[in-house]
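*Asks:* My structure is stored as work_17.cif, with mmCIF, N, CA and C atoms and all ligand atoms.
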```cif
data_coords
loop_
_atom_site.label_atom_id
_atom_site.label_comp_id
_atom_site.auth_asym_id
_atom_site.auth_seq_id
_atom_site.Cartn_x
_atom_site.Cartn_y
_atom_site.Cartn_z
N MET A 1 -8.55 21.33 -21.57
CA MET A 1 -8.07 19.98 -21.33
C MET A 1 -6.64 19.86 -21.88
N ALA A 2 -5.74 19.28 -21.09
CA ALA A 2 -4.37 19.09 -21.55
C ALA A 2 -3.85 17.76 -21.04
N THR A 3 -2.91 17.23 -21.73
CA THR A 3 -2.26 16.00 -21.29
C THR A 3 -0.88 16.35 -20.77
N LEU A 4 -0.60 15.97 -19.55
CA LEU A 4 0.72 16.24 -18.97
C LEU A 4 1.48 14.94 -18.87
N TYR A 5 2.62 14.89 -19.53
CA TYR A 5 3.47 13.70 -19.44
C TYR A 5 4.67 14.04 -18.57
N LYS A 6 4.91 13.24 -17.57
CA LYS A 6 6.07 13.48 -16.71
C LYS A 6 6.91 12.22 -16.63
N ASP A 7 8.18 12.37 -16.90
CA ASP A 7 9.12 11.26 -16.76
C ASP A 7 9.69 11.31 -15.34
N TRP A 8 9.10 10.49 -14.43
CA TRP A 8 9.52 10.53 -13.03
C TRP A 8 10.98 10.14 -12.86
N ALA A 9 11.50 9.34 -13.76
CA ALA A 9 12.90 8.91 -13.65
C ALA A 9 13.86 10.09 -13.83
N ALA A 10 13.37 11.16 -14.47
CA ALA A 10 14.22 12.33 -14.69
C ALA A 10 14.01 13.39 -13.60
N ASP A 11 13.17 13.11 -12.65
CA ASP A 11 12.86 14.07 -11.59
C ASP A 11 13.82 13.84 -10.42
N ALA A 12 14.69 14.81 -10.18
CA ALA A 12 15.73 14.66 -9.15
C ALA A 12 15.16 14.51 -7.75
N LEU A 13 13.94 15.01 -7.52
CA LEU A 13 13.33 14.89 -6.20
C LEU A 13 12.54 13.59 -6.05
N THR A 14 12.49 12.79 -7.11
CA THR A 14 11.74 11.53 -7.06
C THR A 14 12.65 10.32 -7.23
N ALA A 15 13.48 10.35 -8.24
CA ALA A 15 14.30 9.18 -8.55
C ALA A 15 15.74 9.36 -8.09
N THR A 16 16.33 8.28 -7.64
CA THR A 16 17.74 8.28 -7.26
C THR A 16 18.46 7.21 -8.08
N GLU A 17 19.76 7.07 -7.88
CA GLU A 17 20.51 6.05 -8.62
C GLU A 17 19.96 4.65 -8.33
N ASP A 18 19.49 4.44 -7.12
CA ASP A 18 18.94 3.12 -6.77
C ASP A 18 17.75 2.76 -7.65
N ASP A 19 17.03 3.78 -8.13
CA ASP A 19 15.87 3.51 -8.96
C ASP A 19 16.23 3.03 -10.36
N LEU A 20 17.50 3.14 -10.70
CA LEU A 20 17.92 2.65 -12.02
C LEU A 20 17.87 1.12 -12.06
N ILE A 21 17.88 0.50 -10.87
CA ILE A 21 17.78 -0.95 -10.80
C ILE A 21 16.32 -1.31 -10.61
N ALA A 22 15.74 -1.90 -11.63
CA ALA A 22 14.32 -2.23 -11.55
C ALA A 22 14.10 -3.35 -10.54
N ALA A 23 13.23 -3.09 -9.58
CA ALA A 23 12.94 -4.11 -8.57
C ALA A 23 11.55 -4.71 -8.79
N GLY A 24 10.74 -4.08 -9.62
CA GLY A 24 9.41 -4.59 -9.87
C GLY A 24 8.47 -4.34 -8.71
N HIS A 25 7.24 -4.78 -8.87
CA HIS A 25 6.23 -4.64 -7.82
C HIS A 25 6.17 -5.93 -7.01
N PRO A 26 5.76 -5.83 -5.75
CA PRO A 26 5.60 -7.05 -4.97
C PRO A 26 4.51 -7.93 -5.57
N LEU A 27 4.65 -9.23 -5.36
CA LEU A 27 3.62 -10.15 -5.84
C LEU A 27 2.48 -10.19 -4.83
N PRO A 28 1.23 -10.31 -5.31
CA PRO A 28 0.12 -10.42 -4.36
C PRO A 28 0.32 -11.60 -3.42
N ASP A 29 0.10 -11.37 -2.15
CA ASP A 29 0.33 -12.41 -1.14
C ASP A 29 -0.64 -12.19 0.01
N ALA A 30 -1.46 -13.18 0.28
CA ALA A 30 -2.49 -13.03 1.31
C ALA A 30 -1.97 -13.30 2.72
N ARG A 31 -0.70 -13.72 2.81
CA ARG A 31 -0.18 -13.97 4.18
C ARG A 31 -0.10 -12.65 4.96
N PRO A 32 -0.31 -12.71 6.28
CA PRO A 32 -0.24 -11.48 7.07
C PRO A 32 1.17 -10.89 7.08
N TRP A 33 1.25 -9.57 7.04
CA TRP A 33 2.55 -8.89 7.05
C TRP A 33 3.09 -8.79 8.47
N VAL A 34 2.20 -8.81 9.44
CA VAL A 34 2.61 -8.68 10.84
C VAL A 34 2.15 -9.92 11.58
N SER A 35 3.08 -10.52 12.35
CA SER A 35 2.70 -11.70 13.11
C SER A 35 3.17 -11.52 14.55
N GLY A 36 2.81 -12.48 15.39
CA GLY A 36 3.27 -12.44 16.78
C GLY A 36 2.56 -11.38 17.60
N ASP A 37 3.28 -10.91 18.62
CA ASP A 37 2.68 -10.00 19.59
C ASP A 37 2.18 -8.69 18.98
N TRP A 38 2.81 -8.28 17.87
CA TRP A 38 2.43 -7.00 17.28
C TRP A 38 1.15 -7.09 16.47
N SER A 39 0.77 -8.29 16.05
CA SER A 39 -0.33 -8.40 15.09
C SER A 39 -1.65 -7.78 15.55
N PRO A 40 -1.98 -7.80 16.84
CA PRO A 40 -3.26 -7.18 17.20
C PRO A 40 -3.23 -5.65 17.16
N VAL A 41 -2.03 -5.07 17.18
CA VAL A 41 -1.96 -3.62 17.35
C VAL A 41 -1.24 -2.89 16.21
N LEU A 42 -0.53 -3.62 15.37
CA LEU A 42 0.20 -2.97 14.28
C LEU A 42 -0.44 -3.36 12.95
N MET A 43 -0.91 -2.36 12.22
CA MET A 43 -1.57 -2.61 10.93
C MET A 43 -0.87 -1.86 9.82
N LEU A 44 -0.67 -2.51 8.70
CA LEU A 44 -0.03 -1.87 7.56
C LEU A 44 -1.07 -1.61 6.48
N ALA A 45 -1.16 -0.36 6.07
CA ALA A 45 -2.21 0.02 5.13
C ALA A 45 -1.66 0.46 3.78
N GLY A 46 -0.37 0.31 3.57
CA GLY A 46 0.24 0.74 2.31
C GLY A 46 -0.16 -0.15 1.15
N SER A 47 -0.02 0.40 -0.03
CA SER A 47 -0.37 -0.33 -1.25
C SER A 47 0.32 -1.70 -1.31
N GLU A 48 1.55 -1.77 -0.80
CA GLU A 48 2.31 -3.03 -0.88
C GLU A 48 1.59 -4.18 -0.17
N THR A 49 0.71 -3.85 0.79
CA THR A 49 0.02 -4.91 1.53
C THR A 49 -1.25 -5.38 0.82
N SER A 50 -1.56 -4.78 -0.29
CA SER A 50 -2.77 -5.19 -1.02
C SER A 50 -2.63 -6.62 -1.52
N VAL A 51 -3.69 -7.38 -1.44
CA VAL A 51 -3.67 -8.75 -1.96
C VAL A 51 -4.15 -8.80 -3.41
N THR A 52 -4.45 -7.63 -3.97
CA THR A 52 -4.91 -7.62 -5.35
C THR A 52 -3.91 -6.92 -6.29
N ASN A 53 -3.49 -5.70 -5.94
CA ASN A 53 -2.60 -4.93 -6.82
C ASN A 53 -1.52 -4.23 -6.02
N PRO A 54 -0.65 -4.99 -5.35
CA PRO A 54 0.36 -4.34 -4.51
C PRO A 54 1.29 -3.45 -5.32
N GLY A 55 1.54 -2.26 -4.77
CA GLY A 55 2.47 -1.35 -5.42
C GLY A 55 1.81 -0.39 -6.40
N TYR A 56 0.50 -0.55 -6.59
CA TYR A 56 -0.23 0.32 -7.51
C TYR A 56 -1.26 1.15 -6.74
N LEU A 57 -1.76 2.23 -7.40
CA LEU A 57 -2.80 3.05 -6.78
C LEU A 57 -4.02 2.21 -6.42
N GLU A 58 -4.37 1.29 -7.30
CA GLU A 58 -5.53 0.45 -7.03
C GLU A 58 -5.30 -0.39 -5.77
N GLY A 59 -4.05 -0.81 -5.56
CA GLY A 59 -3.75 -1.56 -4.34
C GLY A 59 -3.90 -0.70 -3.10
N ALA A 60 -3.51 0.57 -3.21
CA ALA A 60 -3.68 1.49 -2.08
C ALA A 60 -5.16 1.67 -1.78
N ALA A 61 -5.96 1.75 -2.83
CA ALA A 61 -7.41 1.93 -2.65
C ALA A 61 -8.05 0.68 -2.05
N GLU A 62 -7.39 -0.46 -2.18
CA GLU A 62 -7.90 -1.70 -1.56
C GLU A 62 -7.40 -1.84 -0.14
N ALA A 63 -6.13 -1.51 0.08
CA ALA A 63 -5.53 -1.76 1.40
C ALA A 63 -6.02 -0.78 2.46
N ALA A 64 -6.13 0.48 2.10
CA ALA A 64 -6.50 1.49 3.11
C ALA A 64 -7.88 1.24 3.72
N PRO A 65 -8.94 1.02 2.93
CA PRO A 65 -10.24 0.76 3.56
C PRO A 65 -10.27 -0.54 4.36
N ARG A 66 -9.44 -1.53 3.95
CA ARG A 66 -9.38 -2.78 4.72
C ARG A 66 -8.89 -2.48 6.14
N VAL A 67 -7.83 -1.70 6.26
CA VAL A 67 -7.29 -1.39 7.58
C VAL A 67 -8.24 -0.47 8.34
N ALA A 68 -8.87 0.46 7.63
CA ALA A 68 -9.85 1.33 8.30
C ALA A 68 -10.98 0.47 8.89
N ALA A 69 -11.41 -0.55 8.15
CA ALA A 69 -12.47 -1.44 8.65
C ALA A 69 -11.97 -2.24 9.84
N ASP A 70 -10.69 -2.68 9.79
CA ASP A 70 -10.12 -3.40 10.94
C ASP A 70 -10.12 -2.52 12.19
N ILE A 71 -9.73 -1.26 12.02
CA ILE A 71 -9.70 -0.34 13.17
C ILE A 71 -11.11 -0.16 13.72
N GLU A 72 -12.07 -0.02 12.82
CA GLU A 72 -13.45 0.16 13.28
C GLU A 72 -13.92 -1.07 14.05
N ARG A 73 -13.55 -2.27 13.55
CA ARG A 73 -13.93 -3.51 14.25
C ARG A 73 -13.33 -3.55 15.65
N ILE A 74 -12.06 -3.14 15.75
CA ILE A 74 -11.40 -3.15 17.06
C ILE A 74 -12.12 -2.18 18.00
N TRP A 75 -12.47 -1.01 17.49
CA TRP A 75 -13.22 -0.05 18.32
C TRP A 75 -14.52 -0.64 18.80
N GLN A 76 -15.12 -1.47 17.95
CA GLN A 76 -16.41 -2.06 18.31
C GLN A 76 -16.24 -3.35 19.10
N GLY A 77 -14.97 -3.75 19.37
CA GLY A 77 -14.72 -4.95 20.15
C GLY A 77 -14.85 -6.23 19.36
N LEU A 78 -14.84 -6.14 18.02
CA LEU A 78 -14.95 -7.33 17.19
C LEU A 78 -13.57 -7.76 16.72
N PRO A 79 -13.36 -9.05 16.42
CA PRO A 79 -12.05 -9.51 15.95
C PRO A 79 -11.74 -8.97 14.55
N ARG A 80 -10.45 -8.83 14.27
CA ARG A 80 -10.00 -8.40 12.95
C ARG A 80 -10.21 -9.51 11.95
N ARG A 81 -10.40 -9.12 10.70
CA ARG A 81 -10.44 -10.10 9.62
C ARG A 81 -9.06 -10.15 8.97
N SER A 82 -8.70 -11.30 8.39
CA SER A 82 -7.41 -11.39 7.70
C SER A 82 -7.52 -10.63 6.40
N ALA A 83 -6.35 -10.27 5.82
CA ALA A 83 -6.32 -9.53 4.57
C ALA A 83 -7.07 -10.28 3.49
N SER A 84 -6.86 -11.59 3.40
CA SER A 84 -7.50 -12.35 2.34
C SER A 84 -9.00 -12.42 2.56
N ALA A 85 -9.43 -12.60 3.80
CA ALA A 85 -10.85 -12.74 4.07
C ALA A 85 -11.61 -11.45 3.80
N SER A 86 -10.94 -10.30 3.96
CA SER A 86 -11.67 -9.05 3.82
C SER A 86 -11.71 -8.58 2.38
N THR A 87 -10.93 -9.17 1.51
CA THR A 87 -10.87 -8.63 0.15
C THR A 87 -11.21 -9.65 -0.92
N LEU A 88 -11.20 -10.92 -0.58
CA LEU A 88 -11.46 -11.92 -1.61
C LEU A 88 -12.89 -12.39 -1.56
C1 LIG B 101 7.12 7.93 -9.47
C2 LIG B 101 5.94 7.02 -9.23
C3 LIG B 101 5.05 6.77 -10.27
C4 LIG B 101 3.95 5.93 -10.05
N1 LIG B 101 3.08 5.69 -11.08
C5 LIG B 101 2.01 4.90 -10.87
C6 LIG B 101 1.05 4.67 -11.90
O1 LIG B 101 1.17 5.16 -13.03
N2 LIG B 101 0.00 3.83 -11.62
C7 LIG B 101 -0.19 3.27 -10.39
O2 LIG B 101 -1.19 2.55 -10.18
N3 LIG B 101 0.72 3.48 -9.39
C8 LIG B 101 1.79 4.28 -9.61
N4 LIG B 101 2.71 4.50 -8.60
C9 LIG B 101 2.51 3.80 -7.34
C10 LIG B 101 1.48 4.53 -6.49
O3 LIG B 101 1.77 5.91 -6.44
C11 LIG B 101 1.59 3.95 -5.07
O4 LIG B 101 1.38 2.55 -5.12
C12 LIG B 101 0.53 4.55 -4.16
O5 LIG B 101 0.58 5.96 -4.16
C13 LIG B 101 0.78 4.04 -2.76
O6 LIG B 101 -0.22 4.60 -1.93
P1 LIG B 101 -0.08 4.44 -0.38
O7 LIG B 101 -1.30 5.07 0.21
O8 LIG B 101 0.24 3.02 -0.06
O9 LIG B 101 1.22 5.26 0.02
P2 LIG B 101 1.61 6.76 -0.32
O10 LIG B 101 0.83 7.31 -1.47
O11 LIG B 101 3.10 6.77 -0.38
O12 LIG B 101 1.09 7.54 0.96
C14 LIG B 101 1.81 7.49 2.19
C15 LIG B 101 1.62 8.84 2.84
O13 LIG B 101 2.12 8.75 4.19
C16 LIG B 101 2.86 9.92 4.43
N5 LIG B 101 3.80 9.61 5.50
C17 LIG B 101 4.95 8.90 5.43
N6 LIG B 101 5.52 8.82 6.64
C18 LIG B 101 4.70 9.48 7.48
C19 LIG B 101 4.75 9.75 8.87
N7 LIG B 101 5.74 9.31 9.64
N8 LIG B 101 3.74 10.45 9.41
C20 LIG B 101 2.71 10.91 8.66
N9 LIG B 101 2.63 10.67 7.33
C21 LIG B 101 3.61 9.97 6.77
C22 LIG B 101 3.53 10.27 3.11
O14 LIG B 101 3.87 11.63 3.08
C23 LIG B 101 2.40 9.95 2.14
O15 LIG B 101 1.54 11.05 1.94
C24 LIG B 101 3.78 5.33 -8.79
C25 LIG B 101 4.67 5.61 -7.75
C26 LIG B 101 5.73 6.44 -7.97
C27 LIG B 101 6.68 6.73 -6.83
#
```
Step by step, read the file and then write its structure as structure tokens.
Ligand SMILES: Cc1cc2nc3c(=O)[nH]c(=O)nc-3n(C[C@H](O)[C@H](O)[C@H](O)COP(=O)(O)OP(=O)(O)OC[C@H]3O[C@@H](n4cnc5c(N)ncnc54)[C@H](O)[C@@H]3O)c2cc1C

*Replies:*
Amino acid sequence: MATLYKDWAADALTATEDDLIAAGHPLPDARPWVSGDWSPVLMLAGSETSVTNPGYLEGAAEAAPRVAADIERIWQGLPRRSASASTL
């Protein structure tokens, strides 16, 4: 067993000068990310779209299955659920 500490800010393949400016994580927001004509066919599954922990691994674990479930519903001919309805 070992503990590995990595300073990502010092990793040239990860951080750039832009990362020196802290932008923070997005705030949780249940509003849809896609609206209009694209909404039935374009789905965003990234962590940032999570309504619980956007920008974190936990948010990715929430967002990805939500979109997978939406895709399955579409295959089955059922309407999509909103992000808030599927996770809250
Ligand atoms: C340096 C760093 C440190 C972090 N530390 C933490 C932490 O300590 N705790 C924490 O909770 N979160 C941390 N995070 C945030 C966390 O890693 C992300 O929130 C999470 O990985 C996002 O998951 P995701 O599935 O949304 O996207 P990603 O993990 O980015 O997955 C997207 C995938 O899509 C692939 N991809 C992109 N474009 C295409 C394409 N055109 N075709 C096919 N594949 C494509 C990418 O290669 C990638 O594998 C950290 C992030 C970074 C960058």

*Asks:* Around ligand LIG 101 (chain B), out to 6.5 Å and counting all atoms listed in the file, which residues are there? I want them as a PDB file with N, CA and C atoms, in the coordinates of the input.

*Replies:*
```pdb
ATOM      1  N   TRP A   8       9.100  10.490 -14.430  1.00  0.00           N
ATOM      2  CA  TRP A   8       9.520  10.530 -13.030  1.00  0.00           C
ATOM      3  C   TRP A   8      10.980  10.140 -12.860  1.00  0.00           C
ATOM      4  N   ALA A   9      11.500   9.340 -13.760  1.00  0.00           N
ATOM      5  CA  ALA A   9      12.900   8.910 -13.650  1.00  0.00           C
ATOM      6  C   ALA A   9      13.860  10.090 -13.830  1.00  0.00           C
ATOM      7  N   THR A  14      12.490  12.790  -7.110  1.00  0.00           N
ATOM      8  CA  THR A  14      11.740  11.530  -7.060  1.00  0.00           C
ATOM      9  C   THR A  14      12.650  10.320  -7.230  1.00  0.00           C
ATOM     10  N   ALA A  45      -1.160  -0.360   6.070  1.00  0.00           N
ATOM     11  CA  ALA A  45      -2.210   0.020   5.130  1.00  0.00           C
ATOM     12  C   ALA A  45      -1.660   0.460   3.780  1.00  0.00           C
ATOM     13  N   GLY A  46      -0.370   0.310   3.570  1.00  0.00           N
ATOM     14  CA  GLY A  46       0.240   0.740   2.310  1.00  0.00           C
ATOM     15  C   GLY A  46      -0.160  -0.150   1.150  1.00  0.00           C
ATOM     16  N   SER A  47      -0.020   0.400  -0.030  1.00  0.00           N
ATOM     17  CA  SER A  47      -0.370  -0.330  -1.250  1.00  0.00           C
ATOM     18  C   SER A  47       0.320  -1.700  -1.310  1.00  0.00           C
ATOM     19  N   GLU A  48       1.550  -1.770  -0.800  1.00  0.00           N
ATOM     20  CA  GLU A  48       2.310  -3.030  -0.880  1.00  0.00           C
ATOM     21  C   GLU A  48       1.590  -4.180  -0.170  1.00  0.00           C
ATOM     22  N   PRO A  54      -0.650  -4.990  -5.350  1.00  0.00           N
ATOM     23  CA  PRO A  54       0.360  -4.340  -4.510  1.00  0.00           C
ATOM     24  C   PRO A  54       1.290  -3.450  -5.320  1.00  0.00           C
ATOM     25  N   GLY A  55       1.540  -2.260  -4.770  1.00  0.00           N
ATOM     26  CA  GLY A  55       2.470  -1.350  -5.420  1.00  0.00           C
ATOM     27  C   GLY A  55       1.810  -0.390  -6.400  1.00  0.00           C
ATOM     28  N   TYR A  56       0.500  -0.550  -6.590  1.00  0.00           N
ATOM     29  CA  TYR A  56      -0.230   0.320  -7.510  1.00  0.00           C
ATOM     30  C   TYR A  56      -1.260   1.150  -6.740  1.00  0.00           C
ATOM     31  N   LEU A  57      -1.760   2.230  -7.400  1.00  0.00           N
ATOM     32  CA  LEU A  57      -2.800   3.050  -6.780  1.00  0.00           C
ATOM     33  C   LEU A  57      -4.020   2.210  -6.420  1.00  0.00           C
ATOM     34  N   GLU A  58      -4.370   1.290  -7.300  1.00  0.00           N
ATOM     35  CA  GLU A  58      -5.530   0.450  -7.030  1.00  0.00           C
ATOM     36  C   GLU A  58      -5.300  -0.390  -5.770  1.00  0.00           C
ATOM     37  N   GLY A  59      -4.050  -0.810  -5.560  1.00  0.00           N
ATOM     38  CA  GLY A  59      -3.750  -1.560  -4.340  1.00  0.00           C
ATOM     39  C   GLY A  59      -3.900  -0.700  -3.100  1.00  0.00           C
ATOM     40  N   ALA A  60      -3.510   0.570  -3.210  1.00  0.00           N
ATOM     41  CA  ALA A  60      -3.680   1.490  -2.080  1.00  0.00           C
ATOM     42  C   ALA A  60      -5.160   1.670  -1.780  1.00  0.00           C
ATOM     43  N   ALA A  61      -5.960   1.750  -2.830  1.00  0.00           N
ATOM     44  CA  ALA A  61      -7.410   1.930  -2.650  1.00  0.00           C
ATOM     45  C   ALA A  61      -8.050   0.680  -2.050  1.00  0.00           C
TER      46      ALA A  61
END
```

*Asks:* What gap, in Å, lies between atom N of A:Asp19 and atom N of A:Tyr5?

*Replies:* 21.5 Å

*Asks:* So the first atom is atom CA of A:Ser35 and the second is atom CA of A:Ile71; what is the distance between them in Å, to one decimal place?

*Replies:*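 Between these atoms lies a distance of 16.8 Å.
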
*Asks:* Using Å and a single decimal, report how far atom C of A:Ala64 sits from atom C of A:Gly24.

*Replies:*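 Taking atom C of A:Gly24 and atom C of A:Ala64, their separation equals 21.3 Å.
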